[in-house]
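The block underneath contains the structure these notes are about, expressed in structure tokens.
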Amino acid sequence: MTSPRRRFLSWLGSASLVGIATRPSVLRAEAMLSDRTDNRHAPPATGAWDMGWTAHVTGKYKAVFDSPEFAYGAALFRAVAWCEQYKEVFGAERREMSPVVVLRHNGFDLAMNDEYWRLADVGKKQKLRDQRGKKWLTTNPVSAAADGAAAETVKNTIPAFVAAGGIVLGCGWSFNGAVAIIRQVEQLDKETAEARVKSMLLPGVILQPSGIFAVLRAQEAGCSYILAS
């Protein structure tokens, strides 16, 4: 038989939970959590940065894959795998998924084309050798697939990912670092070097003020966060 003391403690616990659930501070916290996934935002103050990508984060399933390190393109591979696995497990269509990849810090090299890789000596920097293992790699492994490449290779490239509806964001701070490298290599003034480096970005890569900005903005748009370094 339940003792009066035990009944009292049980009642007290229930009452406390009810009180906590309806307390104004808790309600405010819930509202703040809801706001975090609200994609509404004030329009950009200037046209310096393209925020139009946020309008395309509309899928039922949303995720941002953060790549602060080179990691052999792990962020891109995982984003592609996530889409395939949600299709396999839940039968989800590709249009129901909104994958966002952020390339920042050491991972920013993946956003650049083969010309930049040669000029900036990225293969040596990242300690990547060609298939024979004798020379430093001079091509970005996720920039494009060779003619006749297997479908498995093609799908894990940035052009294929973007064509399928994926979003790739590049860090503005890392972009400035690339500008400094090209300025030194080609002896250019800053404006000319900026234009050169922009021309070397892979098609579909959207520059943002920083990688941190990009990751947080994607989360505000409803994306779950994955560190893919």
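Identifiers in the structure tokens: chain A, B, ... in order shown; residue index from 1 per chain; ligand index from 1 in order shown.
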
Pull the helix (DSSP H, G or I) assignments for stretch 28-142 of chain A out of DSSP run on the backbone, and list those residues as number ranges by chain. A: 28-36, 52-56, 71-90, 94-96, 105-111, 114-120, 122-125

Shell around A:Arg196 at 9 Å using only C-alpha atoms, local window under 4 positions removed, as a list in words: Val179, Ile182, Glu191, Thr192 and Met200 of chain A

Selection above as a file: all heavy atoms, as a tab-separated table (two decimals), in the first residue's frame:
```tsv
chain	number	residue	atom	x	y	z
A	179	VAL	N	43.33	34.98	-52.58
A	179	VAL	CA	43.69	36.20	-53.31
A	179	VAL	C	45.14	36.58	-52.99
A	179	VAL	O	45.91	36.95	-53.89
A	179	VAL	CB	42.74	37.35	-52.95
A	179	VAL	CG1	43.25	38.68	-53.50
A	179	VAL	CG2	41.34	37.07	-53.49
A	182	ILE	N	47.55	34.33	-54.99
A	182	ILE	CA	47.62	34.65	-56.42
A	182	ILE	C	48.28	36.00	-56.65
A	182	ILE	O	49.01	36.19	-57.63
A	182	ILE	CB	46.20	34.60	-57.04
A	182	ILE	CG1	45.65	33.17	-56.96
A	182	ILE	CG2	46.22	35.08	-58.48
A	182	ILE	CD1	46.52	32.11	-57.63
A	191	GLU	N	42.75	44.24	-56.68
A	191	GLU	CA	41.50	44.12	-57.43
A	191	GLU	C	41.62	43.11	-58.56
A	191	GLU	O	40.71	42.31	-58.79
A	191	GLU	CB	41.10	45.49	-58.00
A	191	GLU	CG	40.60	46.47	-56.94
A	191	GLU	CD	40.05	47.73	-57.55
A	191	GLU	OE1	40.03	47.84	-58.80
A	191	GLU	OE2	39.65	48.63	-56.78
A	192	THR	N	42.73	43.14	-59.26
A	192	THR	CA	42.94	42.18	-60.34
A	192	THR	C	43.02	40.76	-59.80
A	192	THR	O	42.47	39.82	-60.39
A	192	THR	CB	44.22	42.52	-61.13
A	192	THR	OG1	44.14	43.87	-61.60
A	192	THR	CG2	44.40	41.58	-62.31
A	200	MET	N	38.36	31.54	-60.78
A	200	MET	CA	38.84	30.19	-60.51
A	200	MET	C	37.91	29.40	-59.58
A	200	MET	O	38.15	28.22	-59.33
A	200	MET	CB	40.24	30.25	-59.90
A	200	MET	CG	41.30	30.83	-60.80
A	200	MET	SD	42.89	30.93	-59.95
A	200	MET	CE	43.82	31.96	-61.08
```

Excluding stretch 58-62 of chain A and any residue of its chain fewer than 5 positions from it, enumerate the residues within 10 Å of it, using only C-alpha atoms, and give them as JSON, numbers by chain. {"A": [39, 83, 86, 92, 93, 94, 95, 96, 97, 98, 99, 100, 218, 219, 221, 222, 223, 224, 225]}

Out of stretch 3-227 of chain A, which residues get strand (DSSP E or B) from DSSP, as a PyMOL selection string? chain A and resi 61-67+97-103+112+129+136+167-171+201+205-208+224-227

May I have the residues from that selection written out with C-alpha atoms, as a PDB file, in the first residue's frame?
```pdb
ATOM      1  CA  TYR A  61      15.042  17.073 -44.787  1.00  0.00           C
ATOM      2  CA  LYS A  62      17.801  19.677 -44.396  1.00  0.00           C
ATOM      3  CA  ALA A  63      21.452  19.331 -43.354  1.00  0.00           C
ATOM      4  CA  VAL A  64      24.623  21.415 -43.504  1.00  0.00           C
ATOM      5  CA  PHE A  65      27.952  19.595 -43.861  1.00  0.00           C
ATOM      6  CA  ASP A  66      30.750  21.744 -42.458  1.00  0.00           C
ATOM      7  CA  SER A  67      34.220  21.261 -43.976  1.00  0.00           C
ATOM      8  CA  MET A  97      16.350  16.890 -49.340  1.00  0.00           C
ATOM      9  CA  SER A  98      18.283  20.137 -49.024  1.00  0.00           C
ATOM     10  CA  PRO A  99      21.988  19.396 -48.487  1.00  0.00           C
ATOM     11  CA  VAL A 100      24.350  22.341 -47.924  1.00  0.00           C
ATOM     12  CA  VAL A 101      28.143  21.990 -47.985  1.00  0.00           C
ATOM     13  CA  VAL A 102      30.338  24.716 -46.467  1.00  0.00           C
ATOM     14  CA  LEU A 103      33.987  24.837 -47.575  1.00  0.00           C
ATOM     15  CA  MET A 112      38.767  26.035 -56.551  1.00  0.00           C
ATOM     16  CA  ARG A 129      50.306  12.844 -55.049  1.00  0.00           C
ATOM     17  CA  TRP A 136      52.115  16.431 -56.511  1.00  0.00           C
ATOM     18  CA  ILE A 167      24.235  24.040 -52.308  1.00  0.00           C
ATOM     19  CA  VAL A 168      27.969  24.742 -51.919  1.00  0.00           C
ATOM     20  CA  LEU A 169      29.094  27.773 -49.902  1.00  0.00           C
ATOM     21  CA  GLY A 170      32.638  29.143 -49.794  1.00  0.00           C
ATOM     22  CA  CYS A 171      34.279  31.097 -46.979  1.00  0.00           C
ATOM     23  CA  LEU A 201      35.913  29.312 -58.248  1.00  0.00           C
ATOM     24  CA  VAL A 205      30.107  27.806 -55.413  1.00  0.00           C
ATOM     25  CA  ILE A 206      28.552  30.784 -53.599  1.00  0.00           C
ATOM     26  CA  LEU A 207      30.839  33.000 -51.540  1.00  0.00           C
ATOM     27  CA  GLN A 208      29.720  34.064 -48.071  1.00  0.00           C
ATOM     28  CA  SER A 224      20.894  19.999 -38.949  1.00  0.00           C
ATOM     29  CA  TYR A 225      24.651  20.353 -38.454  1.00  0.00           C
ATOM     30  CA  ILE A 226      27.284  17.784 -39.391  1.00  0.00           C
ATOM     31  CA  LEU A 227      31.027  18.332 -38.921  1.00  0.00           C
TER      32      LEU A 227
END
```

Between atom CA of A:Ile158 and atom CA of A:Asn176, measure the distance and give it in Å to one decimal.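 Taking atom CA of A:Ile158 and atom CA of A:Asn176, their separation equals 21.1 Å.
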
One-decimal distance in Å that lies between atom CA of A:Ala74 and atom CA of A:Trp173: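 One can read the atom CA of A:Trp173 to atom CA of A:Ala74 distance as 21.0 Å.
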
Sorted by chain and rising residue number, which residues of stretch 55-165 of chain A lie within 12 Å of stretch 43-51 of chain A, and what are their closest atom pairs and distances in Å to one decimal, counting only C-alpha atoms, as a tab-separated table?
```
residue	atom	partner	partner_atom	distance
A:Ala55	CA	A:Met51	CA	8.2
A:His56	CA	A:Met51	CA	10.2
A:Val57	CA	A:Met51	CA	11.3
```

Long-range neighbours of A:Thr138 as a list of chain:residue names, 9 Å cut-off, only C-alpha atoms, 3 positions minimum in chain: A:Asp114, A:Glu115, A:Tyr116, A:Trp117, A:Arg118, A:Leu119, A:Asp121, A:Val122, A:Gly123, A:Lys124, A:Leu128, A:Arg129, A:Asp130, A:Lys135

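One distance worth recording is that between atom CA of A:Leu202 and atom CA of A:Ala111, which is 5.8 Å.
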
Polymer residues at most 10 Å from A:Ala144, only C-alpha atoms, same-chain spacing of 4 or more positions, as a VMD selection string: chain A and resid 113 to 114 139 to 140 149 153 to 160 202

Can you pull out every residue within 7 Å of A:Gly107, counting only C-alpha atoms, but drop anything in the same chain fewer than 6 positions away, and send it as a PyMOL selection string? chain A and resi 67-70

Please write the residues from the selection above to a file, keeping C-alpha atoms, as an mmCIF file, in the first residue's frame.
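Written file, out-v2.cif:
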```cif
data_model
loop_
_atom_site.group_PDB
_atom_site.id
_atom_site.type_symbol
_atom_site.label_atom_id
_atom_site.label_comp_id
_atom_site.auth_asym_id
_atom_site.auth_seq_id
_atom_site.Cartn_x
_atom_site.Cartn_y
_atom_site.Cartn_z
ATOM 1 C CA SER A 67 34.220 21.261 -43.976
ATOM 2 C CA PRO A 68 36.896 23.259 -42.113
ATOM 3 C CA GLU A 69 39.547 20.754 -43.253
ATOM 4 C CA PHE A 70 40.425 19.305 -46.638
#
```

Given only C-alpha atoms as the basis, pick out the residue of A:Val142, A:Ala178, A:Ala151, A:Val197 nearest to A:Phe77. A:Val142

Which one of A:Gln184, A:Thr54, A:Ser229, A:Ser174 sits closest to A:Arg104 if you count only C-alpha atoms? A:Ser174

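Closest approach to A:Arg78 among A:Gly204, A:Ala180, A:Phe161, A:Glu194: A:Phe161, based on only C-alpha atoms.
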